[in-house]
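Only one structure is covered here, and it is reproduced in the block below.
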Amino acid sequence: MFKFLKRLRGKKEEPQLQPEAVATEVVPEPVVEAPVSPPEPATEVPASVTATDPEPEKGIDPEPVFKTPIEAVVEPAGEPEPPKEAEPKAEVVEVELPKRSLSDGIRSLFSSNVDIEDLEDILLLADFGVEASVEITESLRKAASKAGATSDAELRLLLKELLVEKLHRDDLQLNLSDGKLPYVFLVVGVNGAGKTTTIGKLAKWLRDGEWEVVLGAADTFRAAAVDQLATWAERSGAGIVRPERDGQDPASVAYQTVELAISNDADIAIVDTAGRLQNKKDLMDELGKIRRAVEKQAQINEVLLVIDATTGQNAINQAKAFTEVAEVTGIVMTKLDGTAKGGIVYTIQQQLNLPVKLVGVGEGVNDFAFFSAEEFANGLVARKAGN
Ligand code: GDP
Ligand code: MG
């Protein structure tokens, strides 16, 4: 079960039924927006922020555990506040965030009964790579013969166990537990991989758990990219730092994002970055600069590399380029919905020796999940209509 640490607000206000959205672009620099349409007010507000996981049924997007009116992240201050000194900080508490289920978004490997003779080809087609495809098939053959398993259901179960063994790692959790706030995530990857969408989903999920979230639009080269992030911020009730002009140095936006997160006592800052895979040196310079800007004020908890699962072997090459320069701590694998290439998760973990921490299984705000070997393997071997 996931346990995360966040700051318990010192002064927790009574829930208001119609919280006012405040502070729309009132702070001179950086331009900060407050949420416009807050989530529904709470039916029940916990006295302390300790969630209980509803353990939703598979495939049903759970309703967020928390539904309290949001507080605007940014106060409508006329003057920029001086940096806060070591005043007593609010208590840091353990929370569980809403669970997201994964297996129903994953396409099964099998359109008919499991047949060991076909398995190697099926795994190859699903991007497991030659070595793993041969290995898994052989292991299944042995396990089936040992257990006397012949039925489709028995074979599926054995195969699932083999896949779980291959896919599981001990470092699949997001780093949200050291209690040193604000947490800072950088999100990197090529254009179109799903960075901004993933940030939007994460922001909404964290807001559902009552986290204060600040997003940074450090993909400053395209106004549309900034607007896209702003839309997600608005939807989720996160704060956002936008560049003051097109092409502004991404590192300065990243800096301001963390600065705002600190001055607002936010729990997390998530920085979106540009995805141009120019030459390696430019990429390294840009990401290095962003890192340094952030690290002047806070630690970086995660550098998430977003990879589009439908790009196959190409994805692995891209990923390698980023891991060489970006100190990546985890992979987000997007667009696993509908793809028959689920094996890419295994291949990426193997080849990059990095955990796949999150997966995207659709374009909707709830269409993501923490990677779970168990759920993923379930999805791959499931007997489902429409696969
Ligand atoms: P970015 O350039 O890396 O920021 O990519 P975007 O977040 O703009 O996403 C590019 C496209 O991929 C958009 O149309 C998204 O809706 C879509 N997308 C992102 N994640 C997923 C996913 O998990 N599944 C599907 N089907 N589409 C996704
Ligand atoms: Mg983007």
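Here, A, B, ... name the chains of the structure tokens in the order displayed, residue numbers run from 1 inside each chain, and ligands are numbered from 1 in the same displayed order.
For ligand 2, the neighbouring polymer residues at 7 Å or closer are Asn191, Gly192, Gly194, Lys195, Thr196, Asp219, Ala225, Asp272 and Ala274 of chain A, only C-alpha atoms and all ligand atoms being used.
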Export N, CA and C atoms of the chosen residues as a short mmCIF file (atom, residue, chain, number, x, y, z; two decimals), in the first residue's frame?
```cif
data_model
loop_
_atom_site.label_atom_id
_atom_site.label_comp_id
_atom_site.auth_asym_id
_atom_site.auth_seq_id
_atom_site.Cartn_x
_atom_site.Cartn_y
_atom_site.Cartn_z
N ASN A 191 8.57 15.36 -27.47
CA ASN A 191 7.26 15.95 -27.75
C ASN A 191 6.25 14.88 -28.08
N GLY A 192 5.08 15.02 -27.54
CA GLY A 192 3.99 14.11 -27.89
C GLY A 192 3.97 12.84 -27.05
N GLY A 194 3.46 12.58 -23.92
CA GLY A 194 2.38 12.61 -22.92
C GLY A 194 2.81 13.27 -21.61
N LYS A 195 3.84 14.11 -21.67
CA LYS A 195 4.32 14.77 -20.45
C LYS A 195 3.23 15.62 -19.80
N THR A 196 2.69 16.54 -20.59
CA THR A 196 1.75 17.51 -20.03
C THR A 196 0.49 16.81 -19.52
N ASP A 219 8.05 24.33 -20.53
CA ASP A 219 8.10 24.11 -21.98
C ASP A 219 7.70 25.44 -22.58
N ALA A 225 1.63 24.88 -25.58
CA ALA A 225 2.04 23.94 -24.54
C ALA A 225 1.76 24.54 -23.17
N ASP A 272 7.04 20.93 -16.01
CA ASP A 272 6.92 20.41 -17.38
C ASP A 272 8.11 20.96 -18.18
N ALA A 274 10.44 21.13 -22.08
CA ALA A 274 10.30 21.03 -23.53
C ALA A 274 10.84 19.67 -23.99
#
```
Check every protein, DNA and RNA residue against ligand 1, keep those with an atom at most 10 Å away (counting only C-alpha atoms and all ligand atoms), and present them as a PyMOL selection string.
chain A and resi 105+187-201+219+224-226+228-229+272-276+305-310+332-339+358-369
Pairwise distance for atom CA of A:Asp249 and atom CA of A:Lys296, rounded to one decimal in Å:
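Between atom CA of A:Asp249 and atom CA of A:Lys296 the gap is 16.1 Å.
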Between atom CA of A:Phe376 and atom CA of A:Trp232, measure the distance and give it in Å to one decimal.
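Separating atom CA of A:Phe376 from atom CA of A:Trp232 is a distance of 26.9 Å.
Nearest to A:Thr150 of all the residues A:Ser133, A:Asp115, A:Ala254, A:Gln173 is A:Asp115, counting only C-alpha atoms.
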So which residues of stretch 222-357 of chain A fall under helix (DSSP H, G or I) by DSSP, listed as a ChimeraX atom specification?
/A:223-236,250-263,280-295,309-326,344-352
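We find atom CA of A:Leu354 and atom CA of A:Asn317 to be spaced 14.1 Å apart.
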Which residue is closest to A:Glu244? Choose from A:Ala269, A:Ile344, A:Leu109, A:Ala217 and count only C-alpha atoms.
A:Ala217
Long-range neighbours of A:Glu117 as number ranges by chain, 10 Å cut-off, only C-alpha atoms, 3 positions minimum in chain:
A: 114, 120-122, 137, 141
Kindly save the residues from that selection, with all heavy atoms included, as a PDB file, in the first residue's frame.
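Result file is again-v4.pdb:
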```pdb
ATOM      1  N   VAL A 114      -4.756 -19.658 -24.454  1.00  0.00           N
ATOM      2  CA  VAL A 114      -3.295 -19.653 -24.382  1.00  0.00           C
ATOM      3  C   VAL A 114      -2.765 -20.963 -24.971  1.00  0.00           C
ATOM      4  O   VAL A 114      -3.196 -22.045 -24.591  1.00  0.00           O
ATOM      5  CB  VAL A 114      -2.829 -19.533 -22.908  1.00  0.00           C
ATOM      6  CG1 VAL A 114      -1.314 -19.652 -22.819  1.00  0.00           C
ATOM      7  CG2 VAL A 114      -3.307 -18.224 -22.318  1.00  0.00           C
ATOM      8  N   GLU A 120       5.777 -17.782 -27.754  1.00  0.00           N
ATOM      9  CA  GLU A 120       7.004 -17.039 -28.043  1.00  0.00           C
ATOM     10  C   GLU A 120       6.743 -15.925 -29.059  1.00  0.00           C
ATOM     11  O   GLU A 120       7.182 -14.783 -28.883  1.00  0.00           O
ATOM     12  CB  GLU A 120       8.064 -18.008 -28.557  1.00  0.00           C
ATOM     13  CG  GLU A 120       9.451 -17.434 -28.546  1.00  0.00           C
ATOM     14  CD  GLU A 120      10.471 -18.466 -29.006  1.00  0.00           C
ATOM     15  OE1 GLU A 120      10.491 -19.588 -28.436  1.00  0.00           O
ATOM     16  OE2 GLU A 120      11.235 -18.148 -29.928  1.00  0.00           O
ATOM     17  N   ASP A 121       6.012 -16.256 -30.120  1.00  0.00           N
ATOM     18  CA  ASP A 121       5.699 -15.251 -31.142  1.00  0.00           C
ATOM     19  C   ASP A 121       4.834 -14.127 -30.577  1.00  0.00           C
ATOM     20  O   ASP A 121       5.032 -12.946 -30.885  1.00  0.00           O
ATOM     21  CB  ASP A 121       4.943 -15.896 -32.311  1.00  0.00           C
ATOM     22  CG  ASP A 121       5.871 -16.791 -33.125  1.00  0.00           C
ATOM     23  OD1 ASP A 121       7.106 -16.631 -32.981  1.00  0.00           O
ATOM     24  OD2 ASP A 121       5.362 -17.635 -33.875  1.00  0.00           O
ATOM     25  N   ILE A 122       3.886 -14.526 -29.762  1.00  0.00           N
ATOM     26  CA  ILE A 122       2.986 -13.515 -29.180  1.00  0.00           C
ATOM     27  C   ILE A 122       3.774 -12.541 -28.316  1.00  0.00           C
ATOM     28  O   ILE A 122       3.597 -11.321 -28.381  1.00  0.00           O
ATOM     29  CB  ILE A 122       1.866 -14.204 -28.357  1.00  0.00           C
ATOM     30  CG1 ILE A 122       0.882 -14.856 -29.329  1.00  0.00           C
ATOM     31  CG2 ILE A 122       1.155 -13.229 -27.443  1.00  0.00           C
ATOM     32  CD1 ILE A 122      -0.191 -15.696 -28.661  1.00  0.00           C
ATOM     33  N   THR A 137       8.566 -18.401 -22.381  1.00  0.00           N
ATOM     34  CA  THR A 137       7.908 -19.557 -23.006  1.00  0.00           C
ATOM     35  C   THR A 137       8.454 -20.864 -22.425  1.00  0.00           C
ATOM     36  O   THR A 137       7.691 -21.766 -22.062  1.00  0.00           O
ATOM     37  CB  THR A 137       8.118 -19.532 -24.534  1.00  0.00           C
ATOM     38  OG1 THR A 137       7.674 -18.260 -25.016  1.00  0.00           O
ATOM     39  CG2 THR A 137       7.341 -20.630 -25.226  1.00  0.00           C
ATOM     40  N   ARG A 141       6.472 -23.654 -20.224  1.00  0.00           N
ATOM     41  CA  ARG A 141       6.435 -25.063 -20.630  1.00  0.00           C
ATOM     42  C   ARG A 141       6.794 -25.960 -19.432  1.00  0.00           C
ATOM     43  O   ARG A 141       6.095 -26.904 -19.117  1.00  0.00           O
ATOM     44  CB  ARG A 141       7.451 -25.277 -21.772  1.00  0.00           C
ATOM     45  CG  ARG A 141       7.061 -26.395 -22.740  1.00  0.00           C
ATOM     46  CD  ARG A 141       8.163 -26.629 -23.754  1.00  0.00           C
ATOM     47  NE  ARG A 141       8.386 -25.531 -24.680  1.00  0.00           N
ATOM     48  CZ  ARG A 141       7.645 -25.311 -25.775  1.00  0.00           C
ATOM     49  NH1 ARG A 141       6.644 -26.098 -26.054  1.00  0.00           N
ATOM     50  NH2 ARG A 141       7.908 -24.292 -26.571  1.00  0.00           N
TER      51      ARG A 141
END
```
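Compared by their closest atoms to A:Ala149, and using only C-alpha atoms, the residues A:Ala377, A:Ser111, A:Ile116, A:Ala321 rank with A:Ile116 nearest.
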Sel. of strand (DSSP E or B) residues, stretch 92-269 of chain A, as number ranges by chain:
A: 92-95, 106, 183-188, 213-218, 239-242, 268-269
Keeping only N, CA and C atoms, take the residues you just selected and write them out as a PDB file, in the first residue's frame.
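Wrote selection22.pdb, looks like this:
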```
ATOM      1  N   VAL A  92       3.935  17.213   9.407  1.00  0.00           N
ATOM      2  CA  VAL A  92       3.916  16.359   8.224  1.00  0.00           C
ATOM      3  C   VAL A  92       3.240  15.037   8.583  1.00  0.00           C
ATOM      4  N   VAL A  93       2.272  14.674   7.801  1.00  0.00           N
ATOM      5  CA  VAL A  93       1.502  13.476   8.137  1.00  0.00           C
ATOM      6  C   VAL A  93       1.523  12.463   7.001  1.00  0.00           C
ATOM      7  N   GLU A  94       1.194  11.260   7.369  1.00  0.00           N
ATOM      8  CA  GLU A  94       1.171  10.188   6.385  1.00  0.00           C
ATOM      9  C   GLU A  94      -0.210  10.139   5.723  1.00  0.00           C
ATOM     10  N   VAL A  95      -0.221  10.058   4.431  1.00  0.00           N
ATOM     11  CA  VAL A  95      -1.518   9.947   3.749  1.00  0.00           C
ATOM     12  C   VAL A  95      -1.471   8.821   2.724  1.00  0.00           C
ATOM     13  N   ILE A 106      -5.257  -2.300 -19.833  1.00  0.00           N
ATOM     14  CA  ILE A 106      -4.200  -2.997 -20.569  1.00  0.00           C
ATOM     15  C   ILE A 106      -4.790  -4.023 -21.509  1.00  0.00           C
ATOM     16  N   TYR A 183       8.060  18.623  -2.374  1.00  0.00           N
ATOM     17  CA  TYR A 183       8.658  17.664  -3.292  1.00  0.00           C
ATOM     18  C   TYR A 183       8.764  18.342  -4.650  1.00  0.00           C
ATOM     19  N   VAL A 184       9.764  17.938  -5.410  1.00  0.00           N
ATOM     20  CA  VAL A 184       9.886  18.513  -6.758  1.00  0.00           C
ATOM     21  C   VAL A 184      10.040  17.382  -7.769  1.00  0.00           C
ATOM     22  N   PHE A 185       9.189  17.421  -8.775  1.00  0.00           N
ATOM     23  CA  PHE A 185       9.280  16.468  -9.880  1.00  0.00           C
ATOM     24  C   PHE A 185       9.615  17.227 -11.155  1.00  0.00           C
ATOM     25  N   LEU A 186      10.563  16.717 -11.916  1.00  0.00           N
ATOM     26  CA  LEU A 186      10.774  17.205 -13.278  1.00  0.00           C
ATOM     27  C   LEU A 186      10.222  16.146 -14.217  1.00  0.00           C
ATOM     28  N   VAL A 187       9.583  16.588 -15.277  1.00  0.00           N
ATOM     29  CA  VAL A 187       9.012  15.635 -16.226  1.00  0.00           C
ATOM     30  C   VAL A 187       9.641  15.888 -17.593  1.00  0.00           C
ATOM     31  N   VAL A 188      10.296  14.870 -18.117  1.00  0.00           N
ATOM     32  CA  VAL A 188      11.051  15.035 -19.367  1.00  0.00           C
ATOM     33  C   VAL A 188      10.615  13.976 -20.388  1.00  0.00           C
ATOM     34  N   VAL A 213      -0.535  21.896  -4.918  1.00  0.00           N
ATOM     35  CA  VAL A 213       0.292  21.562  -6.072  1.00  0.00           C
ATOM     36  C   VAL A 213       0.599  22.824  -6.876  1.00  0.00           C
ATOM     37  N   VAL A 214       1.842  22.988  -7.281  1.00  0.00           N
ATOM     38  CA  VAL A 214       2.201  24.076  -8.191  1.00  0.00           C
ATOM     39  C   VAL A 214       2.840  23.468  -9.436  1.00  0.00           C
ATOM     40  N   LEU A 215       2.319  23.825 -10.591  1.00  0.00           N
ATOM     41  CA  LEU A 215       2.877  23.333 -11.845  1.00  0.00           C
ATOM     42  C   LEU A 215       3.745  24.414 -12.475  1.00  0.00           C
ATOM     43  N   GLY A 216       4.779  24.001 -13.161  1.00  0.00           N
ATOM     44  CA  GLY A 216       5.665  24.953 -13.831  1.00  0.00           C
ATOM     45  C   GLY A 216       5.694  24.688 -15.325  1.00  0.00           C
ATOM     46  N   ALA A 217       5.317  25.684 -16.114  1.00  0.00           N
ATOM     47  CA  ALA A 217       5.271  25.507 -17.574  1.00  0.00           C
ATOM     48  C   ALA A 217       6.625  25.872 -18.178  1.00  0.00           C
ATOM     49  N   ALA A 218       7.587  24.999 -17.957  1.00  0.00           N
ATOM     50  CA  ALA A 218       8.937  25.286 -18.457  1.00  0.00           C
ATOM     51  C   ALA A 218       9.139  24.790 -19.884  1.00  0.00           C
ATOM     52  N   GLY A 239      -1.870  25.464  -8.661  1.00  0.00           N
ATOM     53  CA  GLY A 239      -1.300  26.737  -9.077  1.00  0.00           C
ATOM     54  C   GLY A 239      -0.419  26.510 -10.299  1.00  0.00           C
ATOM     55  N   ILE A 240      -0.137  27.567 -11.032  1.00  0.00           N
ATOM     56  CA  ILE A 240       0.752  27.410 -12.184  1.00  0.00           C
ATOM     57  C   ILE A 240       1.659  28.625 -12.324  1.00  0.00           C
ATOM     58  N   VAL A 241       2.877  28.364 -12.713  1.00  0.00           N
ATOM     59  CA  VAL A 241       3.795  29.443 -13.082  1.00  0.00           C
ATOM     60  C   VAL A 241       4.008  29.351 -14.590  1.00  0.00           C
ATOM     61  N   ARG A 242       3.648  30.432 -15.247  1.00  0.00           N
ATOM     62  CA  ARG A 242       3.822  30.491 -16.701  1.00  0.00           C
ATOM     63  C   ARG A 242       5.041  31.329 -17.030  1.00  0.00           C
ATOM     64  N   ILE A 268       3.999  20.061  -3.345  1.00  0.00           N
ATOM     65  CA  ILE A 268       4.754  19.550  -4.486  1.00  0.00           C
ATOM     66  C   ILE A 268       4.781  20.552  -5.637  1.00  0.00           C
ATOM     67  N   ALA A 269       5.907  20.592  -6.313  1.00  0.00           N
ATOM     68  CA  ALA A 269       6.036  21.369  -7.556  1.00  0.00           C
ATOM     69  C   ALA A 269       6.359  20.384  -8.671  1.00  0.00           C
TER      70      ALA A 269
END
```
Fewer than 3 positions away in the same chain doesn't count, so skip those; otherwise give me all residues within 9 Å of A:Pro182, counting only C-alpha atoms, as a list in words.
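Residues meeting the cut-off are Lys6, Gly179, Val258, Ala261, Ile262, Asp265, Ala266, Asp267, Ile268, Ala269, Ala298 and Gln299 of chain A.
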Got a sec: who's within 10 Å of A:Ala143, counting only C-alpha atoms, leaving out chain neighbours fewer than 5 positions off, as a list in words?
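Close residues of A:Ala143: Thr137, Glu138, Gly148, Ala149, Leu155, Leu158, Leu159 and Leu162 of chain A.
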